[in-house]
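J.: Pasting input_14.cif here (mmCIF, C-alpha atoms):
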data_final
#
loop_
_atom_site.label_atom_id
_atom_site.label_comp_id
_atom_site.auth_asym_id
_atom_site.auth_seq_id
_atom_site.Cartn_x
_atom_site.Cartn_y
_atom_site.Cartn_z
CA MET A 22 159.12 153.28 120.70
CA SER A 23 155.34 152.95 120.85
CA LYS A 24 154.91 156.22 118.89
CA ALA A 25 157.24 155.00 116.14
CA ILE A 26 155.16 151.83 115.76
CA GLU A 27 151.76 153.53 115.84
CA THR A 28 152.45 156.34 113.36
CA PRO A 29 153.19 154.54 110.05
CA ALA A 30 150.86 151.55 110.36
CA PRO A 31 147.36 153.09 110.38
CA SER A 32 147.93 156.39 108.59
CA SER A 33 149.72 155.32 105.40
CA PRO A 34 147.20 152.73 104.10
CA LEU A 35 144.22 154.94 105.00
CA ALA A 36 145.70 157.92 103.22
CA GLN A 37 146.34 155.89 100.09
CA GLN A 38 142.84 154.42 100.30
CA GLU A 39 141.17 157.85 100.45
CA ILE A 40 143.26 159.27 97.61
CA GLU A 41 142.52 156.31 95.33
CA LYS A 42 138.82 156.52 96.09
CA LYS A 43 138.59 160.22 95.27
CA THR A 44 140.49 160.06 91.99
CA PHE A 45 138.71 156.93 90.78
CA SER A 46 135.08 157.60 91.63
CA TRP A 47 134.25 160.43 89.21
CA SER A 48 135.83 158.69 86.27
CA ASN A 49 133.76 155.60 87.13
CA ILE A 50 130.56 157.66 86.97
CA LEU A 51 131.49 159.16 83.59
CA VAL A 52 132.63 155.85 82.11
CA GLY A 53 129.48 154.04 83.24
CA ALA A 54 127.15 156.76 81.91
CA VAL A 55 128.82 156.94 78.50
CA ILE A 56 129.09 153.18 77.98
CA GLN A 57 125.52 152.38 79.00
CA THR A 58 124.05 155.25 76.97
CA PHE A 59 125.91 153.89 73.95
CA GLU A 60 124.63 150.39 74.71
CA VAL A 61 120.96 151.36 74.97
CA SER A 62 121.11 153.60 71.88
CA THR A 63 122.39 150.79 69.66
CA LEU A 64 121.16 147.21 70.21
CA GLY A 65 120.10 147.53 73.83
CA GLN A 66 116.69 149.17 73.39
CA PRO A 67 115.43 146.82 70.62
CA PHE A 68 116.28 143.84 72.84
CA GLU A 69 114.57 145.59 75.77
CA VAL A 70 111.38 146.33 73.81
CA VAL A 71 110.99 142.78 72.47
CA LYS A 72 111.81 141.28 75.88
CA THR A 73 109.24 143.50 77.60
CA HIS A 74 106.60 142.75 74.97
CA MET A 75 107.03 138.99 75.40
CA ALA A 76 106.97 139.22 79.19
CA ALA A 77 103.72 141.25 79.07
CA ASN A 78 102.18 139.18 76.24
CA ARG A 79 103.17 135.71 77.28
CA ALA A 80 101.27 133.99 74.45
CA ASP A 81 103.33 135.75 71.75
CA SER A 82 106.33 134.09 70.15
CA ILE A 83 109.48 135.96 69.19
CA ALA A 84 108.29 136.23 65.57
CA THR A 85 104.88 137.57 66.64
CA SER A 86 106.52 140.03 69.03
CA LEU A 87 108.77 141.32 66.28
CA LYS A 88 105.82 141.74 63.89
CA LYS A 89 103.68 143.54 66.46
CA THR A 90 106.55 145.80 67.51
CA TYR A 91 107.26 146.71 63.88
CA ALA A 92 103.55 147.34 63.28
CA ARG A 93 103.54 149.92 66.09
CA GLY A 94 105.97 152.21 64.29
CA GLY A 95 108.38 150.46 61.96
CA ILE A 96 112.01 150.57 63.02
CA SER A 97 111.13 153.33 65.49
CA GLY A 98 108.87 150.86 67.25
CA PHE A 99 111.94 149.03 68.49
CA TYR A 100 113.16 152.22 70.16
CA GLN A 101 110.00 153.01 72.15
CA GLY A 102 110.92 154.64 75.43
CA LEU A 103 114.48 155.44 74.33
CA ILE A 104 114.05 159.20 74.58
CA PRO A 105 113.99 160.41 77.26
CA TRP A 106 113.41 157.49 79.67
CA ALA A 107 116.06 155.01 78.52
CA TRP A 108 118.62 157.79 78.11
CA ILE A 109 117.90 159.14 81.59
CA GLU A 110 118.14 155.66 83.08
CA ALA A 111 121.25 154.68 81.14
CA SER A 112 123.15 157.90 81.84
CA THR A 113 122.60 157.46 85.58
CA LYS A 114 122.41 153.73 86.30
CA GLY A 115 125.61 152.92 84.42
CA GLY A 116 127.54 155.38 86.53
CA VAL A 117 125.86 154.17 89.72
CA LEU A 118 126.74 150.57 88.86
CA LEU A 119 130.42 151.11 88.10
CA PHE A 120 130.95 153.58 90.94
CA THR A 121 129.22 151.43 93.59
CA SER A 122 130.57 148.09 92.39
CA SER A 123 134.13 149.45 92.16
CA GLU A 124 133.97 150.84 95.69
CA ILE A 125 132.55 147.61 97.16
CA ASP A 126 134.95 145.50 95.11
CA TYR A 127 137.88 147.54 96.46
CA ARG A 128 136.65 147.33 100.07
CA ALA A 129 136.15 143.58 99.74
CA ARG A 130 139.70 143.13 98.44
CA VAL A 131 141.08 145.19 101.31
CA ALA A 132 139.10 142.95 103.69
CA GLY A 133 140.86 139.91 102.21
CA PHE A 134 138.20 138.47 99.86
CA SER A 135 139.19 136.82 96.59
CA ASN A 136 138.61 138.39 93.16
CA VAL A 137 135.51 136.25 92.58
CA TRP A 138 133.85 137.15 95.89
CA ALA A 139 134.81 140.80 95.55
CA GLY A 140 133.26 140.88 92.07
CA LEU A 141 130.09 139.19 93.32
CA PHE A 142 129.71 141.59 96.26
CA GLY A 143 130.38 144.54 93.97
CA GLY A 144 127.75 143.39 91.47
CA VAL A 145 125.10 142.83 94.14
CA GLY A 146 125.73 146.21 95.74
CA GLY A 147 125.80 147.98 92.39
CA GLY A 148 122.53 146.36 91.31
CA VAL A 149 120.70 147.37 94.49
CA ALA A 150 122.02 150.92 94.19
CA GLN A 151 120.75 151.08 90.62
CA ALA A 152 117.24 149.98 91.55
CA TYR A 153 116.66 152.40 94.39
CA THR A 154 118.39 155.48 92.95
CA THR A 155 117.56 155.63 89.25
CA MET A 156 115.58 152.72 87.85
CA GLY A 157 112.16 152.75 89.52
CA PHE A 158 110.49 155.61 87.65
CA CYS A 159 112.38 155.15 84.36
CA THR A 160 111.70 151.41 84.22
CA PHE A 161 108.02 152.03 84.90
CA MET A 162 107.78 154.61 82.10
CA LYS A 163 109.62 152.39 79.61
CA THR A 164 107.19 149.56 80.34
CA VAL A 165 104.29 152.01 79.85
CA GLU A 166 105.66 152.88 76.40
CA VAL A 167 105.73 149.24 75.32
CA THR A 168 102.44 148.07 76.86
CA ARG A 169 100.12 151.10 76.74
CA HIS A 170 98.94 150.41 73.15
CA LYS A 171 96.53 147.89 74.71
CA ALA A 172 95.10 150.40 77.15
CA ALA A 173 91.56 151.73 76.77
CA ASP A 174 92.87 155.14 75.64
CA ALA A 175 96.16 154.63 73.82
CA SER A 176 96.29 158.31 72.84
CA LEU A 177 97.35 159.36 76.35
CA SER A 178 100.93 160.57 76.56
CA THR A 179 103.37 158.90 78.93
CA TRP A 180 103.53 162.18 80.87
CA ARG A 181 99.74 162.11 81.36
CA ILE A 182 99.84 158.47 82.45
CA ALA A 183 102.62 159.26 84.91
CA TYR A 184 100.63 162.21 86.27
CA ASP A 185 97.46 160.09 86.65
CA VAL A 186 99.40 157.37 88.48
CA PHE A 187 100.99 159.98 90.75
CA GLN A 188 97.56 161.47 91.51
CA ARG A 189 96.14 158.08 92.45
CA GLU A 190 99.09 156.40 94.16
CA GLY A 191 101.79 159.01 94.74
CA ILE A 192 105.52 158.26 94.48
CA ARG A 193 104.94 154.61 95.32
CA GLY A 194 102.80 154.23 92.22
CA LEU A 195 105.53 155.59 89.97
CA ASN A 196 107.97 153.15 91.59
CA ARG A 197 105.63 150.20 91.21
CA GLY A 198 107.63 147.00 90.91
CA VAL A 199 110.82 148.50 92.36
CA SER A 200 111.18 145.57 94.76
CA ALA A 201 111.27 143.19 91.80
CA VAL A 202 113.70 145.55 90.05
CA ALA A 203 115.99 145.51 93.10
CA LEU A 204 115.98 141.69 93.31
CA ARG A 205 116.55 141.43 89.58
CA GLN A 206 119.43 143.91 89.57
CA MET A 207 121.26 142.51 92.59
CA THR A 208 121.06 138.95 91.22
CA ASN A 209 121.82 140.20 87.71
CA TRP A 210 125.05 142.01 88.43
CA GLY A 211 126.11 139.75 91.26
CA SER A 212 125.86 136.84 88.81
CA ARG A 213 127.38 138.72 85.90
CA PHE A 214 130.46 139.97 87.71
CA GLY A 215 130.85 136.77 89.74
CA ILE A 216 130.49 134.39 86.77
CA SER A 217 132.74 136.57 84.63
CA ARG A 218 135.47 136.44 87.30
CA VAL A 219 135.10 132.64 87.67
CA THR A 220 135.35 132.25 83.89
CA GLU A 221 138.47 134.43 83.82
CA SER A 222 140.03 132.28 86.57
CA MET A 223 139.24 129.10 84.61
CA ILE A 224 140.80 130.55 81.46
CA ARG A 225 143.98 131.55 83.34
CA GLY A 226 144.34 128.12 84.91
CA LYS A 227 147.40 127.76 87.12
CA ASP A 228 148.97 130.98 85.87
CA THR A 229 146.84 133.28 88.03
CA THR A 230 148.89 136.36 87.17
CA ARG A 231 148.58 136.01 83.38
CA LYS A 232 146.93 138.96 81.66
CA LEU A 233 143.93 137.85 79.59
CA THR A 234 143.69 138.74 75.93
CA ASN A 235 140.84 140.95 74.72
CA MET A 236 139.02 137.97 73.22
CA GLU A 237 139.35 135.99 76.46
CA ARG A 238 137.92 138.90 78.48
CA LEU A 239 135.17 139.34 75.88
CA ALA A 240 134.24 135.65 76.17
CA SER A 241 134.21 135.84 79.98
CA SER A 242 131.87 138.85 79.90
CA ALA A 243 129.52 137.23 77.38
CA ILE A 244 129.29 133.99 79.39
CA GLY A 245 128.58 135.97 82.56
CA GLY A 246 125.80 137.90 80.84
CA ALA A 247 124.12 134.82 79.36
CA LEU A 248 124.20 132.71 82.54
CA ALA A 249 122.92 135.63 84.63
CA CYS A 250 119.51 135.23 82.95
CA TRP A 251 118.59 132.44 85.36
CA ASN A 252 116.54 135.08 87.24
CA GLN A 253 114.10 135.70 84.36
CA PRO A 254 111.08 135.03 86.65
CA LEU A 255 111.91 138.26 88.50
CA GLU A 256 111.92 140.15 85.19
CA VAL A 257 108.53 138.74 84.14
CA ILE A 258 107.09 139.63 87.56
CA ARG A 259 108.53 143.16 87.24
CA VAL A 260 106.98 143.67 83.80
CA GLU A 261 103.58 142.37 84.94
CA MET A 262 103.60 144.70 87.96
CA GLN A 263 104.38 147.72 85.76
CA SER A 264 102.34 146.77 82.68
CA GLN A 265 99.46 148.93 81.47
CA THR A 266 97.64 145.86 80.15
CA LYS A 267 93.92 145.83 80.88
CA VAL A 268 92.82 142.29 81.77
CA ALA A 269 89.52 141.52 83.50
CA ASP A 270 90.82 138.92 85.97
CA ARG A 271 94.10 140.72 86.75
CA PRO A 272 94.33 141.84 90.40
CA GLU A 273 94.43 145.62 90.78
CA LYS A 274 97.02 145.77 93.54
CA LEU A 275 99.94 143.53 92.79
CA ASN A 276 102.96 142.65 94.91
CA LEU A 277 105.74 140.15 94.28
CA PHE A 278 103.79 137.16 95.58
CA SER A 279 100.35 137.97 94.13
CA THR A 280 101.95 138.72 90.75
CA ALA A 281 103.84 135.42 90.78
CA ARG A 282 100.64 133.57 91.66
CA TYR A 283 98.72 135.32 88.87
CA ILE A 284 101.39 134.51 86.25
CA TYR A 285 101.52 130.87 87.33
CA GLN A 286 97.72 130.53 87.19
CA LYS A 287 97.57 132.05 83.70
CA ASN A 288 100.66 130.59 82.04
CA GLY A 289 102.14 127.94 84.30
CA PHE A 290 105.81 127.57 85.13
CA LEU A 291 107.01 128.37 81.60
CA GLY A 292 105.25 131.73 81.79
CA PHE A 293 108.05 132.91 84.08
CA TYR A 294 110.56 132.42 81.27
CA ARG A 295 108.78 134.29 78.48
CA GLY A 296 111.17 136.73 76.84
CA VAL A 297 114.28 134.98 78.10
CA THR A 298 115.79 134.65 74.60
CA PRO A 299 115.89 138.39 73.77
CA ARG A 300 116.98 138.99 77.36
CA ILE A 301 119.97 136.71 76.87
CA GLY A 302 120.88 138.77 73.81
CA LEU A 303 120.46 141.97 75.83
CA SER A 304 122.42 140.62 78.79
CA VAL A 305 125.34 139.45 76.69
CA TYR A 306 125.51 142.78 74.86
CA LEU A 307 125.10 144.82 78.04
CA THR A 308 127.63 142.79 80.00
CA VAL A 309 130.18 142.98 77.21
CA CYS A 310 129.74 146.77 77.15
CA MET A 311 129.87 147.25 80.93
CA VAL A 312 132.26 144.55 82.16
CA PHE A 313 134.62 144.31 79.19
CA GLY A 314 134.27 147.87 77.91
CA GLY A 315 134.18 149.38 81.39
CA ASP A 316 137.29 147.54 82.55
CA SER A 317 139.13 148.52 79.38
CA VAL A 318 138.32 152.22 79.71
CA LYS A 319 139.15 152.25 83.44
CA ALA A 320 142.46 150.50 82.70
CA TYR A 321 143.22 153.17 80.08
CA PHE A 322 142.50 155.97 82.58
CA ASN A 323 144.68 154.28 85.22
CA GLN A 324 147.52 153.83 82.76
CA SER A 325 147.27 157.48 81.73
CA LYS A 326 147.42 158.59 85.36
CA THR A 327 150.41 156.33 86.03
CA THR A 328 152.23 157.66 82.95
CA LYS A 329 151.60 161.28 83.97
CA ALA A 330 152.79 160.58 87.52
CA GLN A 331 156.04 159.10 86.22
CA GLN A 332 156.81 162.04 83.90
#
In structure tokens, what does this structure look like?

T.:
Amino acid sequence: MSKAIETPAPSSPLAQQEIEKKTFSWSNILVGAVIQTFEVSTLGQPFEVVKTHMAANRADSIATSLKKTYARGGISGFYQGLIPWAWIEASTKGGVLLFTSSEIDYRARVAGFSNVWAGLFGGVGGGVAQAYTTMGFCTFMKTVEVTRHKAADASLSTWRIAYDVFQREGIRGLNRGVSAVALRQMTNWGSRFGISRVTESMIRGKDTTRKLTNMERLASSAIGGALACWNQPLEVIRVEMQSQTKVADRPEKLNLFSTARYIYQKNGFLGFYRGVTPRIGLSVYLTVCMVFGGDSVKAYFNQSKTTKAQQ
């Protein structure tokens, strides 16, 4: 009697859980890599360049930033750092995000959490995984590309700058600002996924099982991306920590707190929100690609698998 009770209960759910995890994980990595590489190669990198310029040059307006960026290389100036750094980052961090967030989201649902909390936990975990696996070095090098024109010797290649930093500071130097990146990413994607799920719940209303239309899901993703920009101070701190700007009164060794103090002394409270407008544009576009596009592609893969299984 006891054997009959013990056998089906633990083994069946665990087996299904392991099978679903194995078949879903690799497609998540591929979907995330493809979608985010597409995003950064289209509108993503121009938003990123202007946002980084404004965060590093906090006295410049959007118009001035656009003019200076164009003066550095025309249209190509808006794609500084795209090849290879942004492509390397996008092809890895997108996969890391969707793989990690999907796994945590699934585990949270199994543990009994609601869709909103599962989405929030998944976003936080995915953001942290991004920062510490793929984004430190690539983010640093992208910031170098945008800010190094103000350095004493702007003719140095990014490879040479990376080598010099490595010689002076080792791996930690190349990952300068990674703590700010981690905080930004975990709050970014936790907010994006969480707010998107809340918005979807509000749109559904009492009919919690209703399938949202494409436009409703698109609106939910866009709202989540825009409202997730509340953490812009972390982005400004990250850019300042990684910037190649040469300023006489700028401390040489910066951490989160000393950088925040320096920005506040130079630009006041509003200095922490420089570049927030292009970042909202970037966040909306990125979130639409990853949350809306990612869910759509994953749903297509799942439907294809279900159809094949039924044939």

J.: Could you expand the PyMOL selection byres ((chain A and resi 187-197) around 10) into the explicit residues it covers here, written as a PyMOL selection string?

T.: chain A and resi 152-153+156-162+181-186+198-202+259-260+262-264+274-276

J.: In Å to one decimal, how far is atom CA of Gln151 of chain A from atom CA of Leu118 of chain A?

T.: 6.3 Å

J.: Counting all atoms listed in the file, which of A:Ser86, A:Ala111, A:Phe278, A:Gln57 gets nearest to Arg295 of chain A?

T.: A:Ser86

J.: Of the candidates A:Thr220, A:Ser62, A:Thr229, A:Thr73, which shows the shortest atom-to-atom distance to Ile258 of chain A, using only C-alpha atoms?

T.: A:Thr73

J.: Which one is closest to Thr63 of chain A: A:Gly289, A:Tyr306, A:Leu177, A:Lys319? Count only C-alpha atoms.

T.: A:Tyr306

J.: For a quick check of understanding, using only C-alpha atoms, which of A:Asp228, A:Val55, A:Gly211, A:Gln206 has the smallest distance to Glu256 of chain A?

T.: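 Looking only at the distances to Glu256 of chain A, the closest residue turns out to be A:Gln206.
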
J.: Check the smallest atom-to-atom distance from each of A:Leu277, A:Ala269, A:Val145, A:Ile216 to Leu255 of chain A using only C-alpha atoms, then report the winner.

T.: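 Counting only C-alpha atoms, the residue closest to Leu255 of chain A is A:Leu277.
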
J.: Spell out the residues picked by the PyMOL selection byres ((chain A and resi 137) around 7) here, as a VMD selection string.

T.: chain A and resid 135 to 136 138 to 141 215 218 to 219

J.: Between A:Tyr100, A:Gly292, A:Glu69, A:Leu239, which one has atoms that come closest to Ser82 of chain A, using only C-alpha atoms?

T.: A:Gly292

J.: Do you have the atom CA of Gly95 of chain A-atom CA of Ser112 of chain A distance handy?

T.: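 If I compute the distance from atom CA of Gly95 of chain A to atom CA of Ser112 of chain A, I get 25.9 Å.
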
J.: One decimal, in Å: what's the spacing between atom CA of Lys72 of chain A and atom CA of Val297 of chain A?

T.: 7.1 Å

J.: For Thr90 of chain A, please output as a ChimeraX atom specification all residues within 10 Å (counting all atoms listed in the file; exclusion window: fewer than 2 positions along the same chain).

T.: /A:67,70-71,74,84-88,92-101,167

J.: Taking 6 positions as the minimum chain separation for residues in the same chain, which residues sit within 10 Å of segment 247-252 of chain A when counting all atoms listed in the file? Answer as a PDB file with C-alpha atoms, keeping the file's coordinate frame.

T.:
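Saved file selection.pdb follows:
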ATOM      1  CA  LEU A 204     115.980 141.690  93.310  1.00  0.00           C
ATOM      2  CA  ARG A 205     116.550 141.430  89.580  1.00  0.00           C
ATOM      3  CA  GLN A 206     119.430 143.910  89.570  1.00  0.00           C
ATOM      4  CA  THR A 208     121.060 138.950  91.220  1.00  0.00           C
ATOM      5  CA  ASN A 209     121.820 140.200  87.710  1.00  0.00           C
ATOM      6  CA  TRP A 210     125.050 142.010  88.430  1.00  0.00           C
ATOM      7  CA  GLY A 211     126.110 139.750  91.260  1.00  0.00           C
ATOM      8  CA  SER A 212     125.860 136.840  88.810  1.00  0.00           C
ATOM      9  CA  ARG A 213     127.380 138.720  85.900  1.00  0.00           C
ATOM     10  CA  PHE A 214     130.460 139.970  87.710  1.00  0.00           C
ATOM     11  CA  GLY A 215     130.850 136.770  89.740  1.00  0.00           C
ATOM     12  CA  ILE A 216     130.490 134.390  86.770  1.00  0.00           C
ATOM     13  CA  SER A 217     132.740 136.570  84.630  1.00  0.00           C
ATOM     14  CA  PHE A 293     108.050 132.910  84.080  1.00  0.00           C
ATOM     15  CA  TYR A 294     110.560 132.420  81.270  1.00  0.00           C
ATOM     16  CA  VAL A 297     114.280 134.980  78.100  1.00  0.00           C
ATOM     17  CA  THR A 298     115.790 134.650  74.600  1.00  0.00           C
ATOM     18  CA  ARG A 300     116.980 138.990  77.360  1.00  0.00           C
ATOM     19  CA  ILE A 301     119.970 136.710  76.870  1.00  0.00           C
ATOM     20  CA  GLY A 302     120.880 138.770  73.810  1.00  0.00           C
ATOM     21  CA  LEU A 303     120.460 141.970  75.830  1.00  0.00           C
ATOM     22  CA  SER A 304     122.420 140.620  78.790  1.00  0.00           C
ATOM     23  CA  VAL A 305     125.340 139.450  76.690  1.00  0.00           C
ATOM     24  CA  TYR A 306     125.510 142.780  74.860  1.00  0.00           C
ATOM     25  CA  THR A 308     127.630 142.790  80.000  1.00  0.00           C
TER      26      THR A 308
END

J.: If you count only C-alpha atoms, which residues fall within 8 Å of Val61 of chain A, apart from same-chain ones fewer than 4 positions away, as a list of chain:residue names?

T.: A:Gln57, A:Gly65, A:Gln66, A:Leu103, A:Ala107, A:Trp108, A:Ala111

J.: Neighbours of Gly53 of chain A within 12 Å (all atoms listed in the file; same-chain residues fewer than 4 positions away dropped), as a PDB file with C-alpha atoms, keeping the file's coordinate frame?

T.:
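Below is the file result.pdb, written as the result:
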ATOM      1  CA  SER A  46     135.080 157.600  91.630  1.00  0.00           C
ATOM      2  CA  TRP A  47     134.250 160.430  89.210  1.00  0.00           C
ATOM      3  CA  SER A  48     135.830 158.690  86.270  1.00  0.00           C
ATOM      4  CA  ASN A  49     133.760 155.600  87.130  1.00  0.00           C
ATOM      5  CA  GLN A  57     125.520 152.380  79.000  1.00  0.00           C
ATOM      6  CA  THR A  58     124.050 155.250  76.970  1.00  0.00           C
ATOM      7  CA  PHE A  59     125.910 153.890  73.950  1.00  0.00           C
ATOM      8  CA  GLU A  60     124.630 150.390  74.710  1.00  0.00           C
ATOM      9  CA  GLU A 110     118.140 155.660  83.080  1.00  0.00           C
ATOM     10  CA  ALA A 111     121.250 154.680  81.140  1.00  0.00           C
ATOM     11  CA  SER A 112     123.150 157.900  81.840  1.00  0.00           C
ATOM     12  CA  THR A 113     122.600 157.460  85.580  1.00  0.00           C
ATOM     13  CA  LYS A 114     122.410 153.730  86.300  1.00  0.00           C
ATOM     14  CA  GLY A 115     125.610 152.920  84.420  1.00  0.00           C
ATOM     15  CA  GLY A 116     127.540 155.380  86.530  1.00  0.00           C
ATOM     16  CA  VAL A 117     125.860 154.170  89.720  1.00  0.00           C
ATOM     17  CA  LEU A 118     126.740 150.570  88.860  1.00  0.00           C
ATOM     18  CA  LEU A 119     130.420 151.110  88.100  1.00  0.00           C
ATOM     19  CA  PHE A 120     130.950 153.580  90.940  1.00  0.00           C
ATOM     20  CA  THR A 121     129.220 151.430  93.590  1.00  0.00           C
ATOM     21  CA  SER A 122     130.570 148.090  92.390  1.00  0.00           C
ATOM     22  CA  SER A 123     134.130 149.450  92.160  1.00  0.00           C
ATOM     23  CA  GLY A 147     125.800 147.980  92.390  1.00  0.00           C
ATOM     24  CA  GLN A 151     120.750 151.080  90.620  1.00  0.00           C
ATOM     25  CA  LEU A 307     125.100 144.820  78.040  1.00  0.00           C
ATOM     26  CA  THR A 308     127.630 142.790  80.000  1.00  0.00           C
ATOM     27  CA  CYS A 310     129.740 146.770  77.150  1.00  0.00           C
ATOM     28  CA  MET A 311     129.870 147.250  80.930  1.00  0.00           C
ATOM     29  CA  VAL A 312     132.260 144.550  82.160  1.00  0.00           C
ATOM     30  CA  PHE A 313     134.620 144.310  79.190  1.00  0.00           C
ATOM     31  CA  GLY A 314     134.270 147.870  77.910  1.00  0.00           C
ATOM     32  CA  GLY A 315     134.180 149.380  81.390  1.00  0.00           C
ATOM     33  CA  ASP A 316     137.290 147.540  82.550  1.00  0.00           C
ATOM     34  CA  SER A 317     139.130 148.520  79.380  1.00  0.00           C
ATOM     35  CA  VAL A 318     138.320 152.220  79.710  1.00  0.00           C
ATOM     36  CA  LYS A 319     139.150 152.250  83.440  1.00  0.00           C
TER      37      LYS A 319
END

J.: Please define a box with edges along x, y and z of the file around all atoms of segment 223-228 of chain A given in the file, extend it by 4 Å on each side, and return its centre and edge lengths in Å to one decimal, as lines of an AutoDock Vina configuration file.

T.:
center_x = 144.1
center_y = 129.7
center_z = 84.3
size_x = 17.7
size_y = 11.8
size_z = 13.7

J.: Rebuild segment 199-214 of chain A so that it carries N, CA, C and O atoms, then output the result as a short mmCIF file (atom, residue, chain, number, x, y, z; two decimals), in the coordinates of the input.

T.:
data_model
loop_
_atom_site.label_atom_id
_atom_site.label_comp_id
_atom_site.auth_asym_id
_atom_site.auth_seq_id
_atom_site.Cartn_x
_atom_site.Cartn_y
_atom_site.Cartn_z
N VAL A 199 109.40 148.23 92.06
CA VAL A 199 110.82 148.50 92.36
C VAL A 199 111.44 147.39 93.20
O VAL A 199 112.65 147.14 93.09
N SER A 200 110.63 146.69 93.98
CA SER A 200 111.18 145.57 94.76
C SER A 200 111.64 144.45 93.84
O SER A 200 112.70 143.84 94.06
N ALA A 201 110.85 144.20 92.78
CA ALA A 201 111.27 143.19 91.80
C ALA A 201 112.48 143.67 91.02
O ALA A 201 113.37 142.88 90.69
N VAL A 202 112.53 144.98 90.74
CA VAL A 202 113.70 145.55 90.05
C VAL A 202 114.96 145.36 90.90
O VAL A 202 116.01 144.98 90.39
N ALA A 203 114.84 145.63 92.21
CA ALA A 203 115.99 145.51 93.10
C ALA A 203 116.49 144.06 93.15
O ALA A 203 117.71 143.81 93.05
N LEU A 204 115.58 143.10 93.28
CA LEU A 204 115.98 141.69 93.31
C LEU A 204 116.60 141.28 91.99
O LEU A 204 117.59 140.54 91.96
N ARG A 205 116.01 141.76 90.89
CA ARG A 205 116.55 141.43 89.58
C ARG A 205 117.95 142.00 89.41
O ARG A 205 118.87 141.31 88.96
N GLN A 206 118.14 143.26 89.78
CA GLN A 206 119.43 143.91 89.57
C GLN A 206 120.54 143.33 90.45
O GLN A 206 121.67 143.14 89.99
N MET A 207 120.21 143.03 91.71
CA MET A 207 121.26 142.51 92.59
C MET A 207 121.67 141.10 92.15
O MET A 207 122.85 140.76 92.17
N THR A 208 120.70 140.28 91.71
CA THR A 208 121.06 138.95 91.22
C THR A 208 121.69 139.03 89.84
O THR A 208 122.59 138.24 89.51
N ASN A 209 121.24 139.99 89.03
CA ASN A 209 121.82 140.20 87.71
C ASN A 209 123.32 140.46 87.79
O ASN A 209 124.13 139.71 87.27
N TRP A 210 123.66 141.57 88.45
CA TRP A 210 125.05 142.01 88.43
C TRP A 210 125.93 141.20 89.37
O TRP A 210 127.13 141.05 89.11
N GLY A 211 125.35 140.67 90.43
CA GLY A 211 126.11 139.75 91.26
C GLY A 211 126.52 138.53 90.46
O GLY A 211 127.68 138.08 90.49
N SER A 212 125.57 138.00 89.65
CA SER A 212 125.86 136.84 88.81
C SER A 212 126.82 137.20 87.69
O SER A 212 127.77 136.48 87.41
N ARG A 213 126.56 138.33 87.04
CA ARG A 213 127.38 138.72 85.90
C ARG A 213 128.85 138.91 86.27
O ARG A 213 129.75 138.33 85.65
N PHE A 214 129.08 139.73 87.30
CA PHE A 214 130.46 139.97 87.71
C PHE A 214 131.09 138.70 88.29
O PHE A 214 132.24 138.39 88.01
#
